[in-house]
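Peer 1: I'd like to ask some things about the structure below.
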Amino acid sequence: MSSSPAQRLRDPIFLLALAAGLAAFVVQSGELGTADTTHRLQTSTSWWTSEPEVFPNEFPEFGIHGRGGQLHSWYGMGQSLLMLPFDILGTFVQQLSIFSRYEGTDPEVRSIIVSYSTNILVTVLTALVCFRFLRQLRFTTKESVVGVLALLFSTSHLHYTQNMMENNYIMLLTLIGLSFQYEWLRTGSGRALFIGSAAFGLNLLTRLTTGLDLLAGGLFLALVLWFEHARRRVPWQRWLTYVKTAAPVYLGFVLIDRIYQYHRFGSFFNTYVTVYAQEYKHMYPNLPAKYPWEVPFHVGFFGALFTPEKSIFLFDPLLLLTALVTILAWKHFRPDVKAYIATATGLLFAYISFYARYTVWSGDFAWGDRYVSTAAELAAFISVPLLLRYRAHLGRAVWTAGMALIAISTAIQAASLMFWLPLEIYQMYTFGHPTFVIWLRFKNIVAFALGKMGEWGLNTDDMTYDPWDYVHITAWNFLPFLLRRVGEAPRWVVNLAFATWGAGLAALAWTLYRLRCVLSAGDFKEEHASL
């Protein structure tokens with residue numbers, strides 16, 4: 001029997017999913033966020049139309065030659081697969097006669113449909129899976145909801161909800177993998193193990209380095225048993241079952257990736273990074289012999305930790321709260337929570353170490369270090385439910401410091417949405433390095449609000465960037481404002497966009513308020529027994 005609307009409005013899980021969907025809706029700019037995602041969308045288009053994967057005029061700035069001299073992108077297929085159905089839908093809608101006069105204008109109709117549909121779907125699913133995983137770790141409903149909200153609003157996950165790189169999709173699949181493989185450990189469910197393994201395997205199609213996430217899944221299970229001192233309680237047959245189920249799934253996805261690699265570049269054994277390095281060394285003989293792994297390890301490693309442009313602690317301050325709570329309350333943690341924190345920390349440093357020597361270890365045009373941001377979010381969001389649970393053990397000073405870090409982190413994530421991400425990168429051409437990006441973003445917000453854009457350091461007479469970019473970095477980065485700034489959409493469309501956006505903001509505020517009321521009124525003291 002289905003629940004009534006009134007009952008759903010008393011269901012914290014429904015309200016949490018609704019809040020996630022509304023949050024993803026109101027932060028969209030209607031664009032894909034970066035050239036990387038635009039290229040991946042073009043790959044989606046090439047699969048079902050006669051259009052090429054890479055247009056000839058894009059080379060050599062983008063693309064590498066593969067079999068038969070054909071240009072291909074240098075990305076995996078994962079995000080292109082994710083966007084494919086929305087690309088088909090968006091292309092169909094864009095070709096309707098009602099949009100004929102708008103054709104060729106940014107943000108294009110197809111991009112609007114793809115960005116809204118994909119980001120809302122991924123965000124809602126992430127919220128539900130994250131809630132499920134926190135409940136499996138025996139956090140209460142209230143603690144779990146707060147943890148999900150921390151992930152959505154107080155980590156860089158919020159920025160990548162607006163700027164659709166691969167990060168949030170990787171986060172979703174990693175959480176699914178952790179949650180369902182952990183269910184297998186507790187229940188022996190073969191179905192759960194298959195689902196978790198498939199999620200980790202699907203991640204490999206997005207970025208091969210997510211093999212680190214795959215290994216982290218197994219490490220998490222082993223550490224749970226280690227901290228429970230239960231190594232002898234689990235017979236070897238269970239681990240044999242794990243290998244027999246997970247290994248074929250992983251190998252299946254690796255095979256799909258290798259077939260895709262062979263189709264493009266004629267080899268089962270190299271990667272697109274190898275092909276990219278070979279072609280660019282041929283075109284530019286002065287490149288270092290180790291390119292694209294020529295950066296000294298200490299530069300990339302400590303750069304991800306401490307540089308003002310990319311420090312993970314500046315872009316995800318909740319990492320500091322995780323460290324603080326862990327140090328002070330470790331002895332009170334459940335074994336599975338200890339295992340998760342150890343796994344997330346290890347995964348974070350594994351990513352930092354792997355990319356430390358990469359030529360663009362910082363992630364290049366991105367908000368923060370995008371290569372490690374997903375791992376940073378996994379380690380960061382857990383701090384808030386931990387702070388809530390162990391408040392009595394931590395004391396008033398830690399609670400106050402924790403609330404301050406939550407507020408600071410939420411403000412930083414909100415600020416990250418205000419302008420298109422290249423703004424501060426372009427300003428660095430004028431201001432130089434090092435640049436404290438977070439502080440500069442807040443200064444830009446104040447300057448723009450006060451009409452003092454002349455202080456931004458953008459020289460429009462001698463621009464080192466595409467002139468069209470100037471339109472995008474001089475508007476609030478939300479769809480109604482961007483439509484008004486570009487000035488191609490009819491006035492009634494702009495007004496309708498503003499009205500819809502305002503209604504979405506009001507609905508989000510009401511949903512969060514309703515969720516707070518439901519959590520305050522609910523009695524969840526006996527929840528652990530029900531699990």
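Ordering of the structure tokens sets the chain letters (A, B, ...); residue numbers start at 1 within each chain; ligands are numbered from 1 in the order shown.
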Applying 12 Å and only C-alpha atoms, which residues near His65 of chain A remain after dropping the ones on its own chain fewer than 5 positions away? List them as a ChimeraX atom specification.
Peer 2: /A:53-56,59-60,70-74,264-266,272,275-280
Peer 1: If you count only C-alpha atoms, which residues fall within 7 Å of segment 254-261 of chain A, apart from same-chain ones fewer than 6 positions away, as a PDB file with N, CA, C and O atoms, in the first residue's frame?
Peer 2:
ATOM      1  N   LEU A 205      35.389   2.269 -15.657  1.00  0.00           N
ATOM      2  CA  LEU A 205      35.107   2.803 -16.985  1.00  0.00           C
ATOM      3  C   LEU A 205      35.159   4.327 -16.998  1.00  0.00           C
ATOM      4  O   LEU A 205      35.285   4.929 -18.060  1.00  0.00           O
ATOM      5  N   SER A 267      45.439  -1.024 -29.143  1.00  0.00           N
ATOM      6  CA  SER A 267      46.223  -1.776 -28.168  1.00  0.00           C
ATOM      7  C   SER A 267      45.367  -2.094 -26.961  1.00  0.00           C
ATOM      8  O   SER A 267      44.573  -1.269 -26.503  1.00  0.00           O
ATOM      9  N   PHE A 268      45.544  -3.318 -26.445  1.00  0.00           N
ATOM     10  CA  PHE A 268      44.851  -3.714 -25.222  1.00  0.00           C
ATOM     11  C   PHE A 268      45.611  -3.314 -23.965  1.00  0.00           C
ATOM     12  O   PHE A 268      45.055  -3.329 -22.873  1.00  0.00           O
TER      13      PHE A 268
END
Peer 1: Would you mind listing what lies within 10 Å of Thr500 of chain A as an MDAnalysis selection string, with only C-alpha atoms counted and same-chain residues fewer than 5 positions away left out?
Peer 2: chainID A and resid 26 480 494:495 505:506
Peer 1: Would you put the residues from that selection into a file with N, CA, C and O atoms, as an mmCIF file, in the first residue's frame?
Peer 2:
data_model
loop_
_atom_site.group_PDB
_atom_site.id
_atom_site.type_symbol
_atom_site.label_atom_id
_atom_site.label_comp_id
_atom_site.auth_asym_id
_atom_site.auth_seq_id
_atom_site.Cartn_x
_atom_site.Cartn_y
_atom_site.Cartn_z
ATOM 1 N N VAL A 26 18.570 24.036 -7.993
ATOM 2 C CA VAL A 26 18.767 25.484 -7.876
ATOM 3 C C VAL A 26 20.207 25.919 -8.145
ATOM 4 O O VAL A 26 20.448 27.096 -8.430
ATOM 5 N N PRO A 480 19.224 31.515 -14.554
ATOM 6 C CA PRO A 480 18.498 32.747 -14.891
ATOM 7 C C PRO A 480 19.428 33.933 -15.123
ATOM 8 O O PRO A 480 19.224 34.726 -16.051
ATOM 9 N N VAL A 494 13.456 34.556 -19.693
ATOM 10 C CA VAL A 494 14.308 34.937 -18.563
ATOM 11 C C VAL A 494 13.463 35.132 -17.306
ATOM 12 O O VAL A 494 13.827 34.666 -16.213
ATOM 13 N N ASN A 495 12.330 35.808 -17.440
ATOM 14 C CA ASN A 495 11.457 36.027 -16.285
ATOM 15 C C ASN A 495 10.928 34.706 -15.731
ATOM 16 O O ASN A 495 10.855 34.511 -14.510
ATOM 17 N N LEU A 505 14.232 27.672 -4.769
ATOM 18 C CA LEU A 505 14.897 28.072 -3.529
ATOM 19 C C LEU A 505 13.931 28.023 -2.345
ATOM 20 O O LEU A 505 14.282 27.550 -1.258
ATOM 21 N N ALA A 506 12.712 28.530 -2.557
ATOM 22 C CA ALA A 506 11.710 28.511 -1.480
ATOM 23 C C ALA A 506 11.357 27.075 -1.100
ATOM 24 O O ALA A 506 11.234 26.750 0.088
#
Peer 1: Point out the residue among A:Leu152, A:Ala407, A:Val398, A:Leu84 with the least atom-to-atom distance to Ile327 of chain A, counting only C-alpha atoms.
Peer 2: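 Once distances to Ile327 of chain A are computed over only C-alpha atoms, the minimum belongs to A:Val398.
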Peer 1: Using only C-alpha atoms, which protein or nucleic acid residues come within 8 Å of Gly457 of chain A? Drop anything in the same chain fewer than 2 positions from it, and give the result as a PyMOL selection string.
Peer 2: chain A and resi 427+430-431+454-455+459
Peer 1: Would you list the contacts of Phe131 of chain A as a PyMOL selection string, taking every protein, DNA or RNA residue within 9 Å and counting only C-alpha atoms, but skipping same-chain residues closer than 4 positions in sequence?
Peer 2: chain A and resi 13+16+126-127+135-136+141+144-145+147-148
Peer 1: Let's have the selection written as an mmCIF file, in the first residue's frame, with all heavy atoms.
Peer 2:
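Saved file again.cif follows:
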data_model
loop_
_atom_site.group_PDB
_atom_site.id
_atom_site.type_symbol
_atom_site.label_atom_id
_atom_site.label_comp_id
_atom_site.auth_asym_id
_atom_site.auth_seq_id
_atom_site.Cartn_x
_atom_site.Cartn_y
_atom_site.Cartn_z
ATOM 1 N N ILE A 13 13.548 10.196 5.040
ATOM 2 C CA ILE A 13 14.267 9.754 3.843
ATOM 3 C C ILE A 13 13.696 10.437 2.605
ATOM 4 O O ILE A 13 14.439 10.900 1.732
ATOM 5 C CB ILE A 13 14.206 8.226 3.705
ATOM 6 C CG1 ILE A 13 14.816 7.563 4.932
ATOM 7 C CG2 ILE A 13 14.932 7.773 2.445
ATOM 8 C CD1 ILE A 13 14.725 6.049 4.923
ATOM 9 N N LEU A 16 14.788 14.015 2.676
ATOM 10 C CA LEU A 16 16.207 14.126 2.355
ATOM 11 C C LEU A 16 16.424 14.023 0.846
ATOM 12 O O LEU A 16 17.180 14.816 0.260
ATOM 13 C CB LEU A 16 16.982 13.024 3.070
ATOM 14 C CG LEU A 16 18.504 13.036 2.909
ATOM 15 C CD1 LEU A 16 19.098 14.313 3.496
ATOM 16 C CD2 LEU A 16 19.121 11.812 3.579
ATOM 17 N N THR A 126 23.026 9.733 -4.629
ATOM 18 C CA THR A 126 24.125 9.838 -3.668
ATOM 19 C C THR A 126 23.594 10.057 -2.262
ATOM 20 O O THR A 126 24.082 9.451 -1.296
ATOM 21 C CB THR A 126 25.072 10.984 -4.058
ATOM 22 O OG1 THR A 126 25.615 10.734 -5.356
ATOM 23 C CG2 THR A 126 26.216 11.112 -3.054
ATOM 24 N N ALA A 127 22.596 10.926 -2.132
ATOM 25 C CA ALA A 127 22.015 11.186 -0.814
ATOM 26 C C ALA A 127 21.421 9.915 -0.218
ATOM 27 O O ALA A 127 21.625 9.609 0.966
ATOM 28 C CB ALA A 127 20.948 12.271 -0.924
ATOM 29 N N ARG A 135 23.595 4.567 8.085
ATOM 30 C CA ARG A 135 22.756 3.734 8.943
ATOM 31 C C ARG A 135 23.409 2.367 9.169
ATOM 32 O O ARG A 135 23.297 1.786 10.251
ATOM 33 C CB ARG A 135 21.375 3.563 8.317
ATOM 34 C CG ARG A 135 20.569 4.850 8.236
ATOM 35 C CD ARG A 135 20.094 5.329 9.601
ATOM 36 N NE ARG A 135 18.995 4.518 10.092
ATOM 37 C CZ ARG A 135 18.983 3.871 11.252
ATOM 38 N NH1 ARG A 135 20.027 3.936 12.058
ATOM 39 N NH2 ARG A 135 17.936 3.168 11.617
ATOM 40 N N GLN A 136 24.079 1.840 8.138
ATOM 41 C CA GLN A 136 24.786 0.569 8.309
ATOM 42 C C GLN A 136 25.908 0.700 9.335
ATOM 43 O O GLN A 136 26.232 -0.274 10.025
ATOM 44 C CB GLN A 136 25.370 0.115 6.977
ATOM 45 C CG GLN A 136 24.339 -0.389 5.981
ATOM 46 C CD GLN A 136 24.967 -0.703 4.633
ATOM 47 O OE1 GLN A 136 25.471 0.186 3.947
ATOM 48 N NE2 GLN A 136 24.960 -1.968 4.257
ATOM 49 N N THR A 141 19.088 7.934 12.703
ATOM 50 C CA THR A 141 18.500 8.623 11.556
ATOM 51 C C THR A 141 18.912 10.091 11.539
ATOM 52 O O THR A 141 19.286 10.636 10.489
ATOM 53 C CB THR A 141 16.967 8.512 11.601
ATOM 54 O OG1 THR A 141 16.593 7.145 11.416
ATOM 55 C CG2 THR A 141 16.323 9.358 10.517
ATOM 56 N N SER A 144 22.538 10.397 10.604
ATOM 57 C CA SER A 144 22.739 10.036 9.206
ATOM 58 C C SER A 144 22.259 11.145 8.276
ATOM 59 O O SER A 144 22.918 11.469 7.283
ATOM 60 C CB SER A 144 22.009 8.729 8.893
ATOM 61 O OG SER A 144 22.509 7.670 9.690
ATOM 62 N N VAL A 145 21.094 11.713 8.581
ATOM 63 C CA VAL A 145 20.588 12.820 7.761
ATOM 64 C C VAL A 145 21.548 13.996 7.807
ATOM 65 O O VAL A 145 21.869 14.606 6.769
ATOM 66 C CB VAL A 145 19.186 13.239 8.243
ATOM 67 C CG1 VAL A 145 18.777 14.568 7.604
ATOM 68 C CG2 VAL A 145 18.165 12.165 7.899
ATOM 69 N N GLY A 147 24.700 13.883 8.376
ATOM 70 C CA GLY A 147 25.890 13.509 7.617
ATOM 71 C C GLY A 147 25.701 13.678 6.126
ATOM 72 O O GLY A 147 26.593 14.164 5.418
ATOM 73 N N VAL A 148 24.530 13.295 5.623
ATOM 74 C CA VAL A 148 24.247 13.467 4.193
ATOM 75 C C VAL A 148 24.208 14.948 3.834
ATOM 76 O O VAL A 148 24.760 15.373 2.808
ATOM 77 C CB VAL A 148 22.924 12.791 3.814
ATOM 78 C CG1 VAL A 148 22.566 13.084 2.358
ATOM 79 C CG2 VAL A 148 23.002 11.291 4.039
#
Peer 1: Quick one, how far is atom CA of Leu41 of chain A from atom CA of Phe354 of chain A?
Peer 2: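 Separation between atom CA of Leu41 of chain A and atom CA of Phe354 of chain A: 27.0 Å.
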Peer 1: Check which residues of segment 137-228 of chain A sit at most 10 Å from segment 373-389 of chain A using only C-alpha atoms, and return one row each with the closest pair of atoms and their distance in Å to one decimal, ordered by chain and rising number, as a Markdown table.
Peer 2:
| residue | atom | partner | partner_atom | distance |
| --- | --- | --- | --- | --- |
| A:Phe139 | CA | A:Pro385 | CA | 7.4 |
| A:Thr140 | CA | A:Arg389 | CA | 8.8 |
| A:Lys142 | CA | A:Pro385 | CA | 8.5 |
| A:Glu143 | CA | A:Pro385 | CA | 4.9 |
| A:Ser144 | CA | A:Pro385 | CA | 6.5 |
| A:Val145 | CA | A:Pro385 | CA | 8.5 |
| A:Val146 | CA | A:Pro385 | CA | 6.3 |
| A:Gly147 | CA | A:Pro385 | CA | 5.1 |
| A:Val148 | CA | A:Phe381 | CA | 7.6 |
| A:Leu149 | CA | A:Phe381 | CA | 8.7 |
| A:Ala150 | CA | A:Phe381 | CA | 5.6 |
| A:Leu151 | CA | A:Phe381 | CA | 5.0 |
| A:Leu152 | CA | A:Phe381 | CA | 8.8 |
| A:Phe153 | CA | A:Phe381 | CA | 9.7 |
| A:Ser154 | CA | A:Phe381 | CA | 7.7 |
| A:Thr155 | CA | A:Glu377 | CA | 6.0 |
| A:Ser156 | CA | A:Glu377 | CA | 6.9 |
| A:His157 | CA | A:Glu377 | CA | 6.9 |
| A:Tyr160 | CA | A:Ser373 | CA | 9.6 |
| A:Glu166 | CA | A:Thr374 | CA | 9.5 |
| A:Asn167 | CA | A:Thr374 | CA | 5.8 |
| A:Asn168 | CA | A:Thr374 | CA | 7.2 |
| A:Tyr169 | CA | A:Thr374 | CA | 9.5 |
| A:Ile170 | CA | A:Thr374 | CA | 7.4 |
| A:Met171 | CA | A:Thr374 | CA | 6.0 |
| A:Leu172 | CA | A:Thr374 | CA | 9.8 |
| A:Thr174 | CA | A:Leu378 | CA | 9.3 |
| A:Leu175 | CA | A:Leu378 | CA | 8.7 |
| A:Asp213 | CA | A:Ala375 | CA | 8.8 |
